$ cat final.cif   # mmCIF, C-alpha atoms
data_protein
#
loop_
_atom_site.label_atom_id
_atom_site.label_comp_id
_atom_site.auth_asym_id
_atom_site.auth_seq_id
_atom_site.Cartn_x
_atom_site.Cartn_y
_atom_site.Cartn_z
CA MET A 282 128.25 72.34 133.45
CA LYS A 283 127.22 75.89 132.62
CA THR A 284 123.84 77.20 133.57
CA LEU A 285 121.26 76.31 130.99
CA ASN A 286 117.87 77.70 130.28
CA ARG A 287 115.20 75.24 129.32
CA ARG A 288 115.56 75.74 125.60
CA ASP A 289 119.35 75.37 125.65
CA PHE A 290 118.95 72.30 127.75
CA ALA A 291 116.49 70.75 125.33
CA VAL A 292 118.77 71.48 122.37
CA ASP A 293 121.88 70.20 124.16
CA LEU A 294 120.04 67.13 125.28
CA GLY A 295 118.95 66.54 121.70
CA LEU A 296 122.51 66.91 120.47
CA ALA A 297 123.84 64.64 123.20
CA LEU A 298 121.31 61.94 122.40
CA ALA A 299 121.98 62.24 118.71
CA ALA A 300 125.73 62.09 119.28
CA ALA A 301 125.29 58.94 121.38
CA ILE A 302 123.27 57.32 118.65
CA LEU A 303 125.60 58.39 115.87
CA LEU A 304 128.80 57.51 117.73
CA PRO A 305 129.27 54.01 116.28
CA ALA A 306 128.47 55.13 112.76
CA THR A 307 131.39 55.45 110.39
CA THR A 308 129.92 58.43 108.60
CA ALA A 309 129.42 60.38 111.78
CA ARG A 310 128.33 63.93 111.21
CA ALA A 311 126.59 66.59 113.21
CA ASP A 312 122.91 65.77 113.33
CA ASP A 313 120.36 67.84 111.48
CA LEU A 314 117.90 70.13 113.17
CA GLU A 315 114.52 71.56 112.37
CA VAL A 316 112.90 74.94 112.75
CA HIS A 317 109.15 75.19 112.34
CA ILE A 318 107.26 78.27 111.30
CA ASP A 319 103.99 78.36 113.20
CA ASN A 320 101.80 81.41 113.72
CA PHE A 321 104.39 83.77 112.23
CA VAL A 322 107.06 82.58 114.68
CA PHE A 323 110.30 80.66 114.09
CA GLN A 324 110.42 77.84 116.63
CA PRO A 325 112.84 77.52 118.26
CA ALA A 326 113.74 81.17 117.79
CA GLU A 327 117.37 80.41 118.59
CA LEU A 328 119.41 77.29 117.87
CA LYS A 329 122.96 76.49 118.97
CA ILE A 330 124.58 74.05 116.58
CA LYS A 331 127.97 72.63 115.60
CA VAL A 332 129.69 73.45 112.32
CA GLY A 333 128.46 71.12 109.61
CA THR A 334 124.89 70.92 110.88
CA THR A 335 122.04 71.21 108.42
CA VAL A 336 119.00 73.14 109.57
CA THR A 337 115.66 72.63 107.83
CA TRP A 338 112.88 75.17 108.10
CA THR A 339 109.28 74.07 107.48
CA ASN A 340 106.46 76.56 106.95
CA ARG A 341 103.36 75.27 108.71
CA ASP A 342 101.35 78.50 108.27
CA ASP A 343 98.61 79.19 105.72
CA ILE A 344 100.66 82.18 104.56
CA PRO A 345 103.97 82.09 102.65
CA HIS A 346 107.18 83.00 104.45
CA THR A 347 110.86 83.28 103.62
CA VAL A 348 114.05 82.59 105.57
CA VAL A 349 116.70 85.22 104.89
CA SER A 350 120.06 85.93 106.53
CA ALA A 351 121.57 88.98 104.84
CA GLY A 352 124.51 87.95 102.70
CA LYS A 353 124.42 84.36 104.02
CA PHE A 354 121.37 82.52 102.80
CA ARG A 355 117.98 83.23 101.28
CA SER A 356 115.18 80.72 100.75
CA LYS A 357 112.67 80.86 97.95
CA THR A 358 109.19 81.78 99.08
CA LEU A 359 107.93 78.87 101.18
CA ASP A 360 104.26 78.10 100.72
CA THR A 361 102.45 75.93 103.25
CA ASP A 362 104.53 72.82 104.15
CA ASP A 363 107.44 73.89 101.93
CA LYS A 364 110.91 73.34 103.36
CA PHE A 365 114.28 75.08 103.11
CA SER A 366 117.59 73.57 104.26
CA PHE A 367 120.96 75.18 104.82
CA THR A 368 124.20 73.55 106.00
CA PHE A 369 126.30 75.76 108.25
CA THR A 370 129.98 75.26 107.38
CA ASN A 371 131.31 78.28 109.24
CA ALA A 372 131.08 79.25 112.88
CA GLY A 373 129.30 82.45 113.75
CA ASP A 374 125.99 84.04 114.64
CA TYR A 375 123.44 83.96 111.84
CA LYS A 376 120.56 86.37 112.42
CA TYR A 377 117.74 85.70 110.01
CA PHE A 378 114.21 86.92 109.31
CA CYS A 379 111.20 86.56 107.03
CA SER A 380 111.53 89.17 104.30
CA LEU A 381 107.73 89.26 103.89
CA HIS A 382 106.98 89.65 107.60
CA PRO A 383 110.14 91.24 108.99
CA HIS A 384 108.91 91.18 112.56
CA MET A 385 109.64 87.42 112.37
CA THR A 386 113.27 86.95 113.38
CA GLY A 387 115.47 84.05 114.47
CA MET A 388 119.07 83.20 115.28
CA ILE A 389 121.37 80.27 114.55
CA LYS A 390 124.57 80.21 116.63
CA VAL A 391 127.18 77.97 115.04
CA GLU A 392 130.18 76.82 117.09
CA MET B 166 79.19 127.56 103.26
CA SER B 167 82.44 128.30 101.60
CA GLY B 168 85.12 126.04 100.37
CA HIS B 169 87.78 128.55 101.25
CA ASP B 170 87.52 128.56 105.00
CA HIS B 171 90.47 126.20 105.41
CA GLU B 172 92.91 128.24 103.48
CA GLY B 173 95.54 130.24 105.28
CA ASP B 174 96.32 128.89 108.69
CA GLY B 175 95.61 125.23 108.42
CA VAL B 176 92.60 123.32 109.58
CA SER B 177 89.58 124.95 111.17
CA ARG B 178 87.81 123.35 114.10
CA ARG B 179 84.70 122.88 111.98
CA LYS B 180 86.77 121.05 109.40
CA VAL B 181 88.02 118.65 112.02
CA LEU B 182 84.48 118.10 113.23
CA GLU B 183 83.38 117.35 109.68
CA CYS B 184 86.12 114.78 109.45
CA MET B 185 85.05 113.36 112.76
CA THR B 186 81.52 113.02 111.45
CA TRP B 187 82.76 111.00 108.56
CA ALA B 188 85.06 109.06 110.86
CA GLY B 189 81.99 108.29 112.89
CA THR B 190 80.35 106.95 109.78
CA GLY B 191 83.32 104.69 109.16
CA VAL B 192 83.38 103.50 112.73
CA LEU B 193 79.66 102.80 112.61
CA TRP B 194 80.25 100.55 109.64
CA THR B 195 83.04 98.86 111.50
CA VAL B 196 81.07 98.28 114.62
CA THR B 197 78.04 96.98 112.86
CA GLY B 198 80.24 94.84 110.65
CA GLY B 199 78.03 96.01 107.83
CA VAL B 200 74.96 94.26 109.18
CA PRO B 201 72.42 97.08 108.79
CA ARG B 202 74.63 98.40 106.03
CA SER B 203 71.51 99.63 104.36
CA LEU B 204 71.81 100.58 100.76
CA GLY B 205 69.80 103.63 101.80
CA ILE B 206 72.89 105.23 103.23
CA ILE B 207 74.86 104.56 100.09
CA ASP B 208 71.97 106.03 98.13
CA SER B 209 71.95 109.18 100.21
CA ALA B 210 75.70 109.55 99.82
CA GLU B 211 75.28 109.16 96.12
CA ALA B 212 72.34 111.55 96.08
CA ALA B 213 74.51 114.11 97.84
CA THR B 214 77.23 113.53 95.29
CA ALA B 215 74.70 114.06 92.56
CA ALA B 216 73.57 117.35 94.09
CA ALA B 217 77.06 118.85 93.98
CA PRO B 218 79.58 118.05 91.30
CA GLY B 219 81.89 115.42 92.70
CA MET B 220 83.57 112.17 92.15
CA SER B 221 83.56 108.73 93.62
CA PHE B 222 86.10 105.97 93.31
CA LEU B 223 86.43 102.50 94.71
CA GLN B 224 89.07 100.78 96.76
CA ILE B 225 89.57 97.06 96.44
CA SER B 226 92.31 95.23 98.30
CA ASP B 227 93.99 91.96 99.18
CA SER B 228 92.34 89.73 96.61
CA HIS B 229 95.03 87.04 97.21
CA VAL B 230 94.11 85.22 94.02
CA GLY B 231 95.46 81.68 94.40
CA PHE B 232 94.64 81.41 98.10
CA ASP B 233 92.75 78.16 98.72
CA LYS B 234 93.20 77.41 102.42
CA PRO B 235 90.37 76.74 104.92
CA ALA B 236 89.80 80.45 105.66
CA ASN B 237 88.46 80.72 102.09
CA PRO B 238 88.99 77.86 99.64
CA ASN B 239 87.91 80.05 96.71
CA ALA B 240 89.45 83.51 96.88
CA LEU B 241 88.93 83.97 93.15
CA GLY B 242 85.22 83.33 93.64
CA THR B 243 84.83 86.00 96.33
CA LEU B 244 86.79 88.45 94.15
CA GLU B 245 84.25 87.78 91.43
CA GLU B 246 81.43 88.41 93.91
CA ALA B 247 83.04 91.76 94.79
CA VAL B 248 83.26 92.63 91.10
CA ASN B 249 79.59 91.73 90.62
CA LYS B 250 78.74 93.98 93.54
CA ILE B 251 80.72 96.82 91.97
CA ASN B 252 79.01 96.30 88.62
CA ALA B 253 75.62 96.45 90.33
CA MET B 254 76.30 99.84 91.94
CA PRO B 255 73.71 102.36 90.79
CA ALA B 256 76.31 105.09 90.13
CA LYS B 257 79.40 104.07 88.26
CA PRO B 258 82.58 105.06 90.13
CA SER B 259 85.17 107.07 88.20
CA PHE B 260 87.89 104.47 88.69
CA MET B 261 89.28 101.99 91.17
CA ILE B 262 92.42 101.65 93.24
CA HIS B 263 93.77 98.26 94.29
CA THR B 264 95.90 98.42 97.42
CA GLY B 265 97.94 95.29 96.83
CA ASP B 266 98.19 91.56 97.38
CA ILE B 267 96.46 91.03 94.08
CA THR B 268 97.88 87.50 94.11
CA HIS B 269 98.82 85.09 96.87
CA LEU B 270 102.10 83.76 95.43
CA SER B 271 102.92 86.06 92.47
CA LYS B 272 102.27 83.26 89.96
CA ALA B 273 101.60 84.28 86.37
CA ALA B 274 98.30 82.37 86.39
CA GLU B 275 97.23 84.20 89.55
CA PHE B 276 97.93 87.58 87.97
CA ASP B 277 96.08 86.47 84.83
CA ASN B 278 93.05 85.28 86.79
CA ALA B 279 92.94 88.48 88.83
CA GLU B 280 93.07 90.57 85.66
CA ARG B 281 90.36 88.49 84.00
CA ILE B 282 87.96 89.11 86.89
CA ILE B 283 88.85 92.69 87.81
CA SER B 284 88.72 93.87 84.19
CA GLN B 285 85.02 92.95 84.19
CA THR B 286 84.40 96.19 86.11
CA LYS B 287 85.49 98.04 82.95
CA LEU B 288 87.06 100.63 85.28
CA ASP B 289 90.55 102.05 85.18
CA VAL B 290 92.43 100.43 88.04
CA HIS B 291 95.41 102.04 89.74
CA TYR B 292 97.47 99.40 91.52
CA VAL B 293 100.12 99.36 94.20
CA PRO B 294 101.85 96.08 95.09
CA GLY B 295 101.58 94.07 98.28
CA GLU B 296 104.37 91.83 99.52
CA HIS B 297 102.56 88.85 97.96
CA ASP B 298 102.92 90.43 94.50
CA PHE B 299 106.72 90.52 94.63
CA ILE B 300 107.60 86.90 95.44
CA ASP B 301 108.16 85.46 91.99
CA GLU B 302 111.76 84.35 91.46
CA GLU B 303 112.74 87.31 89.28
CA VAL B 304 110.35 89.80 90.88
CA LYS B 305 109.16 90.94 87.49
CA LEU B 306 105.55 89.82 86.96
CA TYR B 307 103.92 92.69 88.87
CA ARG B 308 106.09 95.30 87.21
CA GLU B 309 105.54 93.86 83.74
CA ARG B 310 101.81 94.17 84.24
CA TYR B 311 101.37 97.27 86.38
CA GLY B 312 104.70 99.06 86.48
CA ARG B 313 104.44 101.04 83.25
CA GLY B 314 105.01 104.73 83.79
CA THR B 315 105.85 104.28 87.46
CA LYS B 316 109.02 105.16 89.34
CA GLY B 317 111.29 102.92 91.39
CA HIS B 318 109.49 99.78 92.53
CA GLY B 319 106.18 101.11 91.21
CA TRP B 320 105.25 104.43 92.84
CA TYR B 321 103.45 107.20 90.93
CA SER B 322 100.91 109.98 91.22
CA PHE B 323 97.97 111.21 89.18
CA ASP B 324 95.16 113.76 89.39
CA ALA B 325 91.47 113.03 89.15
CA GLY B 326 88.43 115.14 89.96
CA GLY B 327 90.56 117.83 91.58
CA VAL B 328 92.18 115.32 93.95
CA HIS B 329 95.89 114.45 93.86
CA PHE B 330 96.47 110.70 94.23
CA VAL B 331 99.81 109.20 95.21
CA GLY B 332 100.40 105.42 95.01
CA LEU B 333 103.28 104.33 97.25
CA VAL B 334 105.22 101.06 97.60
CA ASN B 335 106.09 100.02 101.15
CA VAL B 336 106.69 96.28 100.70
CA VAL B 337 110.25 96.26 99.34
CA ASP B 338 113.59 95.99 101.11
CA LEU B 339 112.06 95.29 104.51
CA LYS B 340 114.53 95.17 107.38
CA ALA B 341 114.79 92.40 109.97
CA GLY B 342 112.72 93.29 113.00
CA GLY B 343 111.13 96.23 111.18
CA LEU B 344 107.85 97.24 109.56
CA GLY B 345 106.85 98.36 106.07
CA ASN B 346 109.40 100.52 104.31
CA LEU B 347 109.21 103.41 101.83
CA GLY B 348 112.92 104.18 101.62
CA ALA B 349 114.87 107.37 101.00
CA GLU B 350 114.48 107.42 97.21
CA GLN B 351 110.71 107.20 97.31
CA LEU B 352 110.42 109.75 100.12
CA ALA B 353 112.55 112.22 98.15
CA TRP B 354 110.32 111.64 95.13
CA LEU B 355 107.19 112.19 97.26
CA GLU B 356 108.48 115.45 98.69
CA ASP B 357 109.22 116.62 95.17
CA ASP B 358 105.88 115.40 93.83
CA LEU B 359 103.96 117.45 96.42
CA ARG B 360 106.11 120.55 96.07
CA GLY B 361 104.21 123.48 94.61
CA LYS B 362 100.78 121.86 95.03
CA SER B 363 98.15 124.21 96.42
CA LYS B 364 97.47 123.40 100.08
CA SER B 365 93.77 123.27 99.27
CA THR B 366 94.30 120.31 96.93
CA PRO B 367 92.84 117.20 98.56
CA ILE B 368 95.52 114.51 98.79
CA VAL B 369 95.00 110.76 98.76
CA LEU B 370 97.96 108.57 99.66
CA PHE B 371 97.50 104.87 99.05
CA ALA B 372 99.82 101.97 99.78
CA HIS B 373 99.54 98.33 100.82
CA ILE B 374 100.77 98.26 104.42
CA PRO B 375 99.21 100.89 106.70
CA LEU B 376 101.32 104.06 106.71
CA TRP B 377 100.35 104.56 110.35
CA THR B 378 101.30 102.23 113.14
CA VAL B 379 98.35 99.93 113.72
CA TYR B 380 100.06 97.08 115.60
CA PRO B 381 103.85 96.81 115.36
CA GLU B 382 103.88 93.41 117.09
CA TRP B 383 102.38 92.04 113.87
CA GLY B 384 104.33 94.33 111.58
CA TRP B 385 101.24 96.45 110.89
CA GLY B 386 102.81 99.80 110.21
CA THR B 387 105.46 101.52 108.10
CA GLU B 388 108.87 102.27 109.55
CA ASP B 389 109.26 105.61 107.77
CA GLY B 390 105.53 106.31 107.22
CA GLY B 391 105.83 109.31 109.53
CA ARG B 392 108.20 110.93 107.05
CA ALA B 393 105.59 110.71 104.28
CA LEU B 394 103.00 112.22 106.61
CA GLU B 395 105.34 115.13 107.35
CA TYR B 396 105.19 116.07 103.68
CA VAL B 397 101.39 116.26 103.64
CA LYS B 398 101.10 118.14 106.92
CA GLY B 399 100.16 121.52 105.45
CA PHE B 400 97.38 120.19 103.21
CA GLY B 401 93.80 120.79 104.26
CA SER B 402 92.49 117.34 103.38
CA VAL B 403 94.56 114.18 103.44
CA THR B 404 93.18 110.66 103.13
CA VAL B 405 95.44 107.64 103.61
CA LEU B 406 94.06 104.39 102.19
CA ASN B 407 95.68 101.04 102.94
CA GLY B 408 95.02 97.31 102.94
CA HIS B 409 97.16 94.46 104.30
CA ILE B 410 95.31 93.92 107.58
CA HIS B 411 92.10 92.55 106.00
CA GLN B 412 89.72 94.55 108.20
CA VAL B 413 88.30 98.03 108.42
CA MET B 414 90.16 100.36 110.71
CA GLN B 415 89.97 104.11 110.74
CA LYS B 416 91.36 107.01 112.69
CA VAL B 417 91.43 110.76 112.19
CA GLU B 418 94.37 112.84 113.27
CA GLY B 419 93.98 116.54 112.53
CA ASN B 420 93.52 116.90 108.79
CA VAL B 421 94.46 113.28 108.04
CA THR B 422 91.98 110.42 107.77
CA PHE B 423 93.53 106.96 107.88
CA HIS B 424 91.50 104.04 106.63
CA THR B 425 92.09 100.39 105.82
CA ALA B 426 89.83 98.33 103.56
CA ARG B 427 88.55 94.81 103.86
CA SER B 428 90.05 92.02 101.79
CA THR B 429 88.03 90.20 99.18
CA ALA B 430 89.77 86.93 100.13
CA PHE B 431 89.87 86.21 103.86
CA PRO B 432 89.59 88.10 107.16
CA GLN B 433 92.41 88.54 109.65
CA PRO B 434 92.01 88.87 113.41
CA ALA B 435 91.81 92.16 115.27
CA PRO B 436 95.22 93.23 116.60
CA GLY B 437 96.35 90.88 119.35
CA ALA B 438 93.10 88.90 119.25
CA ALA B 439 94.81 85.71 118.02
CA PRO B 440 98.26 84.14 118.29
CA SER B 441 99.17 85.46 114.83
CA PRO B 442 97.85 87.71 112.07
CA GLY B 443 97.28 84.70 109.78
CA PRO B 444 94.05 84.01 107.88
CA MET B 445 91.08 83.78 110.24
CA LYS B 446 88.68 80.91 109.74
CA VAL B 447 85.13 81.97 110.50
CA GLU B 448 81.84 80.12 109.96
CA ASP B 449 80.92 80.01 106.29
CA ALA B 450 77.82 82.09 106.97
CA ARG B 451 79.93 84.92 108.38
CA LEU B 452 82.73 84.98 105.80
CA ARG B 453 81.09 87.37 103.34
CA SER B 454 80.25 89.87 106.05
CA MET B 455 84.00 90.18 106.68
CA LEU B 456 85.02 90.65 103.03
CA GLY B 457 84.24 93.65 100.89
CA VAL B 458 85.22 96.85 99.13
CA ALA B 459 85.23 100.53 100.02
CA SER B 460 83.77 103.41 98.06
CA ILE B 461 85.14 106.88 98.53
CA ASN B 462 83.12 109.95 97.66
CA PHE B 463 84.55 113.39 97.17
CA LYS B 464 82.41 116.49 96.90
CA GLN B 465 83.96 119.56 95.41
CA ASN B 466 84.15 122.55 97.74
CA GLU B 467 83.80 120.37 100.77
CA GLN B 468 87.39 119.24 101.12
CA ARG B 469 86.48 115.92 102.55
CA LEU B 470 86.24 112.38 101.39
CA ALA B 471 83.55 110.10 102.71
CA ILE B 472 84.44 106.46 102.94
CA ILE B 473 81.78 103.77 102.92
CA ASP B 474 82.78 100.18 103.51
CA THR B 475 80.50 97.68 101.87
CA PRO B 476 80.76 93.99 102.76
CA LEU B 477 80.05 91.33 100.15
CA GLN B 478 77.07 90.33 102.24
CA GLY B 479 75.53 92.29 105.06
#

$ encode --input "final.cif" --output "structure tokens"
Amino acid sequence: MKTLNRRDFAVDLGLALAAAILLPATTARADDLEVHIDNFVFQPAELKIKVGTTVTWTNRDDIPHTVVSAGKFRSKTLDTDDKFSFTFTNAGDYKYFCSLHPHMTGMIKVE
Amino acid sequence: MSGHDHEGDGVSRRKVLECMTWAGTGVLWTVTGGVPRSLGIIDSAEAATAAAPGMSFLQISDSHVGFDKPANPNALGTLEEAVNKINAMPAKPSFMIHTGDITHLSKAAEFDNAERIISQTKLDVHYVPGEHDFIDEEVKLYRERYGRGTKGHGWYSFDAGGVHFVGLVNVVDLKAGGLGNLGAEQLAWLEDDLRGKSKSTPIVLFAHIPLWTVYPEWGWGTEDGGRALEYVKGFGSVTVLNGHIHQVMQKVEGNVTFHTARSTAFPQPAPGAAPSPGPMKVEDARLRSMLGVASINFKQNEQRLAIIDTPLQG
């Protein structure tokens, strides 16, 4: 097994557990993942996912944010507790940011 | 004392010291948080203005109409308090500038409510947008209301009382990982707008996000703000007025005074003093000492603008 940092490990573990649970299901699909916006930070800042995974962002700040990946996806403005979901159907690296607070950036790596 | 001593080769030492004096005034207000704010000082500033022909205008910022979270459940109410304070001022200002984030979510009702309250000042108001004013689906509500006669996303200039005012937009087309953004088109317009102006003309630049770098970790600065400042370099008196950071901050660099105004809605933490720049919840009793407006006085032949920050409650 390749060297993992803690975050990768947590994500992989999550995927592994989810895969184990979903294995018997007939409608098996990649499990869905969440990104939270807390204190002007996307958490986790980087996700590694499989093609077909849906990622849902939830804004837990008292200030609106957006989730924008140039040319790929763009959420509406998310007020407190609003959510935005996007299903990744193509492999690749998706850099994204908040167009209102551009110092907030994140990455979804789709394999 | 002559008003012509700055002409020719830039800024005299005395001029800088004068600016520093005023900067000291601003800092004093900051440090005291407006506690001994003392109307007496406002009176003396106004008395001085009365002695020499001059002009005063007001800056209001970050009203965030529609905001109802714990940091201030009634942002419309505190805007109204600010307007009442303005209406109670003994000398009527010439006009007002609003440095953006009029609304919290760019909803039509929020714009309407803001207009209903702010119009009670019966002052002309010159607006620039904040990022919160451009988040309606079609990004049209701000421009329908305040964009008439402006260029691009809403920039413009005007003259009042011998001062040249330039309203800039630095909240559009922000780049991932970056700060506020003016963009090439606006910068070219600014350079052209200032061309041919006498270097003794006092210049006021106003925009939502600080044009100087306050704290890049929180996005508090403008990527290409330095370019705008290049264009005003030769002018004897330059004042840069911003909002966005919901607190008073001031610095003087040569002939340029940079100043940010309080919000009328909610305070934000000092740079790095909290995990994020989000709304800061303070005890109810302290809230109104951290909200407020700024009044800016300009005396002819003195080439300087004095900025007085007045909290809603001192």

$ atom_distance --input "final.cif" --atom1 "atom CA of Val397 of chain B" --atom2 "atom CA of Trp354 of chain B"
13.2 Å

$ residues_around --input "final.cif" --residues "Ala372 of chain A" --least-positions-apart "6" --cutoff "10 Å" --atoms "all atoms listed in the file" --output "list in words"
Ile330, Lys331, Val332, Gly333, Ile389, Lys390, Val391 and Glu392 of chain A

$ closest_residue --input "final.cif" --among "B:Gly457, B:Arg360, B:Phe463, B:Leu241" --to "Gln478 of chain B" --atoms "only C-alpha atoms"
B:Gly457

$ resolve_selection --input "final.cif" --expression "the PyMOL selection byres ((chain A) within 7 of (chain B))" --output "PyMOL selection string"
chain A and resi 320-321+343-344+358+378+380-386

$ closest_residue --input "final.cif" --among "A:Cys379, A:Leu359, A:Leu314, A:Leu328" --to "Pro345 of chain A" --atoms "all atoms listed in the file"
A:Leu359

$ residues_around --input "final.cif" --residues "segment 315-319 of chain A" --least-positions-apart "2" --cutoff "6 Å" --atoms "all atoms listed in the file" --output "PyMOL selection string"
chain A and resi 321-324+336-342

$ residues_around --input "final.cif" --residues "Leu452 of chain B" --least-positions-apart "3" --cutoff "9 Å" --atoms "only C-alpha atoms" --output "PDB file with C-alpha atoms, keeping the file's coordinate frame"
ATOM      1  CA  ALA B 236      89.800  80.450 105.660  1.00  0.00           C
ATOM      2  CA  ASN B 237      88.460  80.720 102.090  1.00  0.00           C
ATOM      3  CA  PHE B 431      89.870  86.210 103.860  1.00  0.00           C
ATOM      4  CA  PRO B 432      89.590  88.100 107.160  1.00  0.00           C
ATOM      5  CA  LYS B 446      88.680  80.910 109.740  1.00  0.00           C
ATOM      6  CA  VAL B 447      85.130  81.970 110.500  1.00  0.00           C
ATOM      7  CA  GLU B 448      81.840  80.120 109.960  1.00  0.00           C
ATOM      8  CA  ASP B 449      80.920  80.010 106.290  1.00  0.00           C
ATOM      9  CA  MET B 455      84.000  90.180 106.680  1.00  0.00           C
ATOM     10  CA  LEU B 456      85.020  90.650 103.030  1.00  0.00           C
ATOM     11  CA  LEU B 477      80.050  91.330 100.150  1.00  0.00           C
ATOM     12  CA  GLN B 478      77.070  90.330 102.240  1.00  0.00           C
TER      13      GLN B 478
END

$ atom_distance --input "final.cif" --atom1 "atom CA of Ser284 of chain B" --atom2 "atom CA of His263 of chain B"
12.1 Å

$ atom_distance --input "final.cif" --atom1 "atom CA of Ala393 of chain B" --atom2 "atom CA of Leu376 of chain B"
8.3 Å

$ resolve_selection --input "final.cif" --expression "the PyMOL selection byres ((chain B and resi 286) around 9)" --output "list in words"
Val248, Asn249, Ile251, Asn252, Ile282, Ile283, Ser284, Gln285, Lys287, Leu288 and Asp289 of chain B

$ resolve_selection --input "final.cif" --expression "the PyMOL selection byres ((chain B and resi 273) around 12)" --output "VMD selection string"
chain B and resid 230 to 231 267 to 272 274 to 280 298 to 310

$ axis_aligned_box --input "final.cif" --around "segment 314-318 of chain A" --padding-each-side "8 Å" --output "lines of an AutoDock Vina configuration file"
center_x = 112.6
center_y = 74.2
center_z = 112.2
size_x = 26.6
size_y = 24.1
size_z = 17.9

$ closest_residue --input "final.cif" --among "A:Tyr375, A:Ala326, A:Thr368, A:Met388" --to "Lys353 of chain A" --atoms "all atoms listed in the file"
A:Tyr375

$ decode --input "final.cif" --residues "segment 258-274 of chain B" --atoms "N, CA and C atoms" --output "PDB file, in the first residue's frame"
ATOM      1  N   PRO B 258     -24.066  67.232   5.911  1.00  0.00           N
ATOM      2  CA  PRO B 258     -22.999  66.928   4.951  1.00  0.00           C
ATOM      3  C   PRO B 258     -23.481  67.202   3.525  1.00  0.00           C
ATOM      4  N   SER B 259     -22.526  67.399   2.611  1.00  0.00           N
ATOM      5  CA  SER B 259     -22.894  67.701   1.225  1.00  0.00           C
ATOM      6  C   SER B 259     -23.538  66.505   0.546  1.00  0.00           C
ATOM      7  N   PHE B 260     -23.029  65.322   0.849  1.00  0.00           N
ATOM      8  CA  PHE B 260     -23.557  64.103   0.228  1.00  0.00           C
ATOM      9  C   PHE B 260     -22.974  62.917   0.966  1.00  0.00           C
ATOM     10  N   MET B 261     -23.281  61.729   0.488  1.00  0.00           N
ATOM     11  CA  MET B 261     -22.809  60.527   1.161  1.00  0.00           C
ATOM     12  C   MET B 261     -22.241  59.567   0.122  1.00  0.00           C
ATOM     13  N   ILE B 262     -21.234  58.800   0.528  1.00  0.00           N
ATOM     14  CA  ILE B 262     -20.829  57.665  -0.305  1.00  0.00           C
ATOM     15  C   ILE B 262     -21.147  56.382   0.465  1.00  0.00           C
ATOM     16  N   HIS B 263     -21.521  55.349  -0.271  1.00  0.00           N
ATOM     17  CA  HIS B 263     -21.747  54.041   0.342  1.00  0.00           C
ATOM     18  C   HIS B 263     -20.755  53.079  -0.285  1.00  0.00           C
ATOM     19  N   THR B 264     -19.867  52.509   0.539  1.00  0.00           N
ATOM     20  CA  THR B 264     -18.809  51.672  -0.014  1.00  0.00           C
ATOM     21  C   THR B 264     -19.169  50.180  -0.029  1.00  0.00           C
ATOM     22  N   GLY B 265     -20.426  49.893  -0.362  1.00  0.00           N
ATOM     23  CA  GLY B 265     -20.758  48.528  -0.759  1.00  0.00           C
ATOM     24  C   GLY B 265     -21.227  47.568   0.320  1.00  0.00           C
ATOM     25  N   ASP B 266     -21.728  46.411  -0.151  1.00  0.00           N
ATOM     26  CA  ASP B 266     -22.468  45.477   0.687  1.00  0.00           C
ATOM     27  C   ASP B 266     -23.677  46.194   1.300  1.00  0.00           C
ATOM     28  N   ILE B 267     -24.427  46.805   0.403  1.00  0.00           N
ATOM     29  CA  ILE B 267     -25.694  47.422   0.775  1.00  0.00           C
ATOM     30  C   ILE B 267     -26.597  46.327   1.341  1.00  0.00           C
ATOM     31  N   THR B 268     -26.658  45.212   0.589  1.00  0.00           N
ATOM     32  CA  THR B 268     -27.493  44.076   0.963  1.00  0.00           C
ATOM     33  C   THR B 268     -26.621  42.911   1.398  1.00  0.00           C
ATOM     34  N   HIS B 269     -27.294  41.900   1.974  1.00  0.00           N
ATOM     35  CA  HIS B 269     -26.561  40.687   2.355  1.00  0.00           C
ATOM     36  C   HIS B 269     -26.591  39.658   1.231  1.00  0.00           C
ATOM     37  N   LEU B 270     -27.753  39.531   0.563  1.00  0.00           N
ATOM     38  CA  LEU B 270     -27.908  38.476  -0.446  1.00  0.00           C
ATOM     39  C   LEU B 270     -28.427  39.002  -1.790  1.00  0.00           C
ATOM     40  N   SER B 271     -28.332  40.282  -2.036  1.00  0.00           N
ATOM     41  CA  SER B 271     -28.762  40.875  -3.320  1.00  0.00           C
ATOM     42  C   SER B 271     -30.222  40.575  -3.647  1.00  0.00           C
ATOM     43  N   LYS B 272     -31.072  40.472  -2.619  1.00  0.00           N
ATOM     44  CA  LYS B 272     -32.498  40.257  -2.894  1.00  0.00           C
ATOM     45  C   LYS B 272     -33.161  41.611  -3.147  1.00  0.00           C
ATOM     46  N   ALA B 273     -34.172  41.587  -4.019  1.00  0.00           N
ATOM     47  CA  ALA B 273     -34.857  42.837  -4.361  1.00  0.00           C
ATOM     48  C   ALA B 273     -35.393  43.523  -3.097  1.00  0.00           C
ATOM     49  N   ALA B 274     -35.967  42.730  -2.193  1.00  0.00           N
ATOM     50  CA  ALA B 274     -36.537  43.310  -0.974  1.00  0.00           C
ATOM     51  C   ALA B 274     -35.448  43.950  -0.117  1.00  0.00           C
TER      52      ALA B 274
END
